[in-house]
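Enquirer: I'd like to ask some things about the structure below.
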Amino acid sequence: MMLPESVLKYQHEIWQAIGETFVMVGISIAAAVLVGLPLGTLLYLFRKGQRYQNRALFTVLGSLVNIIRSFPFLLLVVFMIPFTRLVVGTSIGTLAATVPLSVIAIAYYARLVEQALLDVPKGVIEAASSMGASTAQLVLKFLYVEARSGLVLGLTTATISFVSYSTVMGIVGGGGVGDFAIRYGYQRFETEIMIFTIVIMIVLVQMIQFTGSRLSRWLDRRS
């Protein structure tokens with residue numbers, strides 16, 4: 001298949017944009033797993049009727065997550081510019097773009113984790129308690145094992161959202177495929193560039209969904 005001349009002309013920029021998207025999405029996924037997973041677990045444990053039910057802590061954490069998720073993402077990016085500058089030393093560039101993206105990723109995935117854990121049958125929790133399982137054992141050997149398929153599906157859904165969020169990071173010079181499409185496709189009236197970048201995004205999302213779904217089904221069969 002022969003690529004259009006306009007696409008070949010910008011192939012270096014296209015590869016750079018794809019790389020920037022992978023950096024932004026990769027860091028946000030890492031933040032979601034390293035911080036969002038424990039946060040979602042705490043939300044579950046602090047709920048009424050759970051082992052460490054604590055209305056005050058559940059309300060504080062839940063409200064924080066809800067506030068972050070309620071922010072229109074573009075406004076969140078602008079609002080966090082001072083914090084971003086404090087964390088990475090600059091508010092412009094791909095690394096800076098990962099800060100607000102990671103924050104929304106943590107809040108987004110935390111809720112998905114909480115929901116996945118709520119779907120674990122109560123009998124599993126009762127069995128763990130009857131065997132004298134500690135909190136760490138309850139979480140690692142029972143909750144996460146039973147909810148692993150849902151956790152993977154949740155991360156898959158979240159990752160696709162992160163890809164979508166990354167397309168607007170051009171506002172802080174974050175680059176990425178979305179920013180490339182605007183600068184080289186829309187602003188320069190290069191329709192072929194626009195179409196090509198849309199195809200790239202569709203293929204990327206389909207690959208993520210396919211991989212996540214297959215992994216989730218495989219884990220579910222191991223239950």
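Ordered as shown in the structure tokens, chains take letters A, B, and onward, while each chain numbers its residues from 1 and ligands are numbered from 1 in the order shown.
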Out of segment 9-220 of chain A, which residues get helix (DSSP H, G or I) from DSSP, as JSON, numbers by chain?
Expert: {"A": [9, 11, 12, 13, 14, 15, 16, 17, 18, 19, 20, 21, 22, 23, 24, 25, 26, 27, 28, 29, 30, 31, 32, 33, 34, 35, 36, 37, 38, 39, 40, 41, 42, 43, 44, 45, 55, 56, 57, 58, 59, 60, 61, 62, 63, 64, 65, 66, 67, 68, 69, 70, 73, 74, 75, 76, 77, 78, 79, 81, 82, 83, 84, 85, 86, 87, 88, 94, 95, 96, 97, 98, 99, 100, 101, 102, 103, 104, 105, 106, 107, 108, 109, 110, 111, 112, 113, 114, 115, 116, 117, 118, 122, 123, 124, 125, 126, 127, 128, 129, 130, 135, 136, 137, 138, 139, 140, 141, 142, 143, 144, 145, 146, 147, 148, 149, 150, 151, 152, 153, 154, 155, 156, 157, 158, 159, 160, 161, 162, 163, 164, 165, 166, 169, 170, 171, 172, 177, 178, 179, 180, 181, 182, 183, 184, 185, 186, 191, 192, 193, 194, 195, 196, 197, 198, 199, 200, 201, 202, 203, 204, 205, 206, 207, 208, 209, 210, 211, 212, 213, 214, 215, 216, 217, 218, 219, 220]}
Enquirer: Which residues come within 12 Å of Val60 of chain A, counting only C-alpha atoms, excluding same-chain residues fewer than 6 positions away, as a PyMOL selection string?
Expert: chain A and resi 39+42-43+46-47+54+66-67
Enquirer: Can I get the selected residues back with all heavy atoms, as a compact mmCIF listing (two decimals), in the first residue's frame?
Expert:
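The file below, part.txt, is the result:
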```txt
# COMPACT_ATOMS: atom_id res chain seq x y z
N LEU A 39 -5.61 3.14 45.86
CA LEU A 39 -6.64 4.11 46.25
C LEU A 39 -8.03 3.49 46.11
O LEU A 39 -8.89 3.64 46.99
CB LEU A 39 -6.53 5.37 45.39
CG LEU A 39 -7.58 6.47 45.64
CD1 LEU A 39 -7.54 6.92 47.10
CD2 LEU A 39 -7.34 7.65 44.71
N LEU A 42 -8.57 1.10 48.95
CA LEU A 42 -8.92 1.80 50.20
C LEU A 42 -10.38 2.25 50.18
O LEU A 42 -11.07 2.15 51.20
CB LEU A 42 -8.00 3.00 50.40
CG LEU A 42 -6.55 2.70 50.79
CD1 LEU A 42 -5.73 3.98 50.85
CD2 LEU A 42 -6.49 1.97 52.12
N LEU A 43 -10.84 2.74 49.04
CA LEU A 43 -12.24 3.13 48.93
C LEU A 43 -13.15 1.94 49.22
O LEU A 43 -14.19 2.08 49.88
CB LEU A 43 -12.54 3.67 47.53
CG LEU A 43 -12.04 5.08 47.22
CD1 LEU A 43 -12.17 5.38 45.73
CD2 LEU A 43 -12.81 6.11 48.03
N PHE A 46 -12.90 1.01 53.08
CA PHE A 46 -13.49 2.01 53.97
C PHE A 46 -15.01 2.11 53.82
O PHE A 46 -15.66 2.83 54.58
CB PHE A 46 -12.88 3.39 53.72
CG PHE A 46 -11.44 3.52 54.18
CD1 PHE A 46 -10.58 4.42 53.56
CD2 PHE A 46 -10.95 2.75 55.22
CE1 PHE A 46 -9.26 4.53 53.97
CE2 PHE A 46 -9.63 2.87 55.64
CZ PHE A 46 -8.79 3.76 55.01
N ARG A 47 -15.57 1.42 52.86
CA ARG A 47 -17.02 1.46 52.66
C ARG A 47 -17.76 0.84 53.85
O ARG A 47 -17.23 -0.01 54.55
CB ARG A 47 -17.43 0.70 51.39
CG ARG A 47 -17.07 1.39 50.11
CD ARG A 47 -17.57 0.58 48.93
NE ARG A 47 -19.02 0.67 48.83
CZ ARG A 47 -19.65 1.58 48.11
NH1 ARG A 47 -18.97 2.48 47.41
NH2 ARG A 47 -20.97 1.60 48.08
N ASN A 54 -15.07 3.18 57.46
CA ASN A 54 -14.75 4.46 58.09
C ASN A 54 -15.42 5.54 57.25
O ASN A 54 -14.94 5.88 56.16
CB ASN A 54 -13.23 4.67 58.15
CG ASN A 54 -12.84 5.90 58.94
OD1 ASN A 54 -13.36 6.99 58.71
ND2 ASN A 54 -11.91 5.73 59.87
N ASN A 66 -14.08 12.19 43.17
CA ASN A 66 -15.20 12.75 42.40
C ASN A 66 -14.91 14.15 41.88
O ASN A 66 -15.29 14.49 40.76
CB ASN A 66 -16.46 12.78 43.27
CG ASN A 66 -17.03 11.41 43.53
OD1 ASN A 66 -16.75 10.47 42.78
ND2 ASN A 66 -17.79 11.27 44.59
N ILE A 67 -14.22 14.95 42.70
CA ILE A 67 -13.88 16.32 42.27
C ILE A 67 -12.95 16.28 41.08
O ILE A 67 -13.15 17.00 40.09
CB ILE A 67 -13.24 17.09 43.45
CG1 ILE A 67 -14.29 17.41 44.50
CG2 ILE A 67 -12.59 18.39 42.93
CD1 ILE A 67 -13.72 17.99 45.79
```
Enquirer: I'd like the neighbourhood of Leu215 of chain A as a PyMOL selection string, where a residue qualifies if any of its atoms comes within 9 Å (using only C-alpha atoms), though same-chain residues fewer than 3 positions away should be ignored.
Expert: chain A and resi 149+152-153+210-212+218-220
Enquirer: Quick one: which segment 39-119 of chain A residues come within 12 Å of segment 11-29 of chain A, and what is the nearest atom pair for each with the distance in Å to one decimal, counting only C-alpha atoms, rows ordered by chain and ascending number, as CSV?
Expert:
```
residue,atom,partner,partner_atom,distance
A:Gly93,CA,A:Glu20,CA,9.6
A:Thr94,CA,A:Glu20,CA,6.4
A:Leu95,CA,A:Met24,CA,7.4
A:Ala96,CA,A:Met24,CA,9.3
A:Ala97,CA,A:Met24,CA,7.0
A:Thr98,CA,A:Met24,CA,5.2
A:Val99,CA,A:Ser28,CA,8.1
A:Pro100,CA,A:Ser28,CA,9.0
A:Leu101,CA,A:Ser28,CA,6.0
A:Ser102,CA,A:Ser28,CA,4.3
A:Val103,CA,A:Ser28,CA,7.9
A:Ile104,CA,A:Ser28,CA,8.4
A:Ala105,CA,A:Ser28,CA,5.9
A:Ile106,CA,A:Ser28,CA,7.9
A:Ala107,CA,A:Ser28,CA,11.0
A:Tyr108,CA,A:Ser28,CA,10.8
A:Tyr109,CA,A:Ile29,CA,9.2
A:Ala110,CA,A:Ile29,CA,11.9
```
Enquirer: What does the file look like for those residues with N, CA, C and O atoms, as a PDB file, in the first residue's frame?
Expert:
```
ATOM      1  N   GLY A  93       5.696  20.703  27.508  1.00  0.00           N
ATOM      2  CA  GLY A  93       6.404  19.527  27.016  1.00  0.00           C
ATOM      3  C   GLY A  93       5.680  18.229  27.357  1.00  0.00           C
ATOM      4  O   GLY A  93       4.717  18.209  28.124  1.00  0.00           O
ATOM      5  N   THR A  94       6.175  17.144  26.788  1.00  0.00           N
ATOM      6  CA  THR A  94       5.539  15.843  26.973  1.00  0.00           C
ATOM      7  C   THR A  94       5.564  15.398  28.425  1.00  0.00           C
ATOM      8  O   THR A  94       4.562  14.890  28.946  1.00  0.00           O
ATOM      9  N   LEU A  95       6.693  15.592  29.108  1.00  0.00           N
ATOM     10  CA  LEU A  95       6.788  15.185  30.511  1.00  0.00           C
ATOM     11  C   LEU A  95       5.808  15.971  31.366  1.00  0.00           C
ATOM     12  O   LEU A  95       5.159  15.409  32.257  1.00  0.00           O
ATOM     13  N   ALA A  96       5.689  17.267  31.109  1.00  0.00           N
ATOM     14  CA  ALA A  96       4.749  18.092  31.858  1.00  0.00           C
ATOM     15  C   ALA A  96       3.313  17.638  31.615  1.00  0.00           C
ATOM     16  O   ALA A  96       2.477  17.661  32.519  1.00  0.00           O
ATOM     17  N   ALA A  97       3.033  17.211  30.400  1.00  0.00           N
ATOM     18  CA  ALA A  97       1.677  16.770  30.057  1.00  0.00           C
ATOM     19  C   ALA A  97       1.277  15.521  30.825  1.00  0.00           C
ATOM     20  O   ALA A  97       0.083  15.265  31.045  1.00  0.00           O
ATOM     21  N   THR A  98       2.262  14.727  31.250  1.00  0.00           N
ATOM     22  CA  THR A  98       1.938  13.490  31.957  1.00  0.00           C
ATOM     23  C   THR A  98       1.417  13.740  33.372  1.00  0.00           C
ATOM     24  O   THR A  98       0.772  12.859  33.943  1.00  0.00           O
ATOM     25  N   VAL A  99       1.661  14.914  33.929  1.00  0.00           N
ATOM     26  CA  VAL A  99       1.241  15.183  35.309  1.00  0.00           C
ATOM     27  C   VAL A  99      -0.289  15.240  35.424  1.00  0.00           C
ATOM     28  O   VAL A  99      -0.883  14.468  36.190  1.00  0.00           O
ATOM     29  N   PRO A 100      -0.972  16.149  34.695  1.00  0.00           N
ATOM     30  CA  PRO A 100      -2.443  16.134  34.790  1.00  0.00           C
ATOM     31  C   PRO A 100      -3.050  14.848  34.261  1.00  0.00           C
ATOM     32  O   PRO A 100      -4.074  14.379  34.771  1.00  0.00           O
ATOM     33  N   LEU A 101      -2.413  14.247  33.261  1.00  0.00           N
ATOM     34  CA  LEU A 101      -2.916  12.990  32.715  1.00  0.00           C
ATOM     35  C   LEU A 101      -2.830  11.876  33.766  1.00  0.00           C
ATOM     36  O   LEU A 101      -3.746  11.049  33.886  1.00  0.00           O
ATOM     37  N   SER A 102      -1.764  11.869  34.542  1.00  0.00           N
ATOM     38  CA  SER A 102      -1.613  10.870  35.605  1.00  0.00           C
ATOM     39  C   SER A 102      -2.626  11.084  36.722  1.00  0.00           C
ATOM     40  O   SER A 102      -3.162  10.123  37.286  1.00  0.00           O
ATOM     41  N   VAL A 103      -2.893  12.334  37.042  1.00  0.00           N
ATOM     42  CA  VAL A 103      -3.854  12.640  38.109  1.00  0.00           C
ATOM     43  C   VAL A 103      -5.248  12.146  37.739  1.00  0.00           C
ATOM     44  O   VAL A 103      -5.929  11.495  38.540  1.00  0.00           O
ATOM     45  N   ILE A 104      -5.681  12.437  36.518  1.00  0.00           N
ATOM     46  CA  ILE A 104      -7.006  11.972  36.097  1.00  0.00           C
ATOM     47  C   ILE A 104      -7.014  10.455  35.964  1.00  0.00           C
ATOM     48  O   ILE A 104      -8.022   9.799  36.235  1.00  0.00           O
ATOM     49  N   ALA A 105      -5.885   9.866  35.581  1.00  0.00           N
ATOM     50  CA  ALA A 105      -5.796   8.411  35.455  1.00  0.00           C
ATOM     51  C   ALA A 105      -5.965   7.738  36.811  1.00  0.00           C
ATOM     52  O   ALA A 105      -6.660   6.717  36.929  1.00  0.00           O
ATOM     53  N   ILE A 106      -5.356   8.302  37.828  1.00  0.00           N
ATOM     54  CA  ILE A 106      -5.456   7.744  39.182  1.00  0.00           C
ATOM     55  C   ILE A 106      -6.905   7.759  39.661  1.00  0.00           C
ATOM     56  O   ILE A 106      -7.428   6.754  40.149  1.00  0.00           O
ATOM     57  N   ALA A 107      -7.560   8.918  39.505  1.00  0.00           N
ATOM     58  CA  ALA A 107      -8.948   9.044  39.962  1.00  0.00           C
ATOM     59  C   ALA A 107      -9.882   8.142  39.162  1.00  0.00           C
ATOM     60  O   ALA A 107     -10.776   7.491  39.719  1.00  0.00           O
ATOM     61  N   TYR A 108      -9.676   8.101  37.868  1.00  0.00           N
ATOM     62  CA  TYR A 108     -10.541   7.309  36.983  1.00  0.00           C
ATOM     63  C   TYR A 108     -10.430   5.813  37.299  1.00  0.00           C
ATOM     64  O   TYR A 108     -11.439   5.116  37.463  1.00  0.00           O
ATOM     65  N   TYR A 109      -9.199   5.330  37.417  1.00  0.00           N
ATOM     66  CA  TYR A 109      -9.007   3.900  37.647  1.00  0.00           C
ATOM     67  C   TYR A 109      -9.389   3.506  39.071  1.00  0.00           C
ATOM     68  O   TYR A 109      -9.829   2.375  39.307  1.00  0.00           O
ATOM     69  N   ALA A 110      -9.230   4.415  40.025  1.00  0.00           N
ATOM     70  CA  ALA A 110      -9.592   4.108  41.412  1.00  0.00           C
ATOM     71  C   ALA A 110     -11.061   3.709  41.506  1.00  0.00           C
ATOM     72  O   ALA A 110     -11.417   2.749  42.208  1.00  0.00           O
TER      73      ALA A 110
END
```
Enquirer: I'd like the neighbourhood of Phe73 of chain A as a ChimeraX atom specification, where a residue qualifies if any of its atoms comes within 10 Å (using only C-alpha atoms), though same-chain residues fewer than 2 positions away should be ignored.
Expert: /A:68-71,75-79,100-101,104,165,168-169
Enquirer: Can you tell me which residues surround Glu146 of chain A at a distance of at most 10 Å, considering only C-alpha atoms, apart from same-chain residues fewer than 5 positions away, and format the answer as a PyMOL selection string?
Expert: chain A and resi 116-117+119-121+124+139-141+151+219-220+223
Enquirer: So what do you get for atom CA of Ala32 of chain A versus atom CA of Ala136 of chain A, distance-wise?
Expert: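 Interatomic distance here is 19.8 Å.
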Enquirer: Return the single residue from A:Thr84, A:Ala127, A:Leu74, A:Ile182 that is closest to Met194 of chain A, with distances computed using only C-alpha atoms.
Expert: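 Checking each of A:Thr84, A:Ala127, A:Leu74, A:Ile182 against Met194 of chain A, counting only C-alpha atoms, the winner is A:Ile182.
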Enquirer: What separation in Å, quoted to one decimal, exists between atom CA of Leu45 of chain A and atom CA of Leu112 of chain A?
Expert: 14.3 Å
Enquirer: For a test of reading the model, state the distance in Å between atom CA of Val88 of chain A and atom CA of Asp179 of chain A, rounded to one decimal.
Expert: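 So the two atoms, atom CA of Val88 of chain A and atom CA of Asp179 of chain A, lie 21.1 Å apart.
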Enquirer: Which is closer to Gln50 of chain A than all the others in A:Ile208, A:Ile193, A:Leu138, A:Met201, using only C-alpha atoms?
Expert: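 Result for the nearest residue to Gln50 of chain A: A:Leu138.
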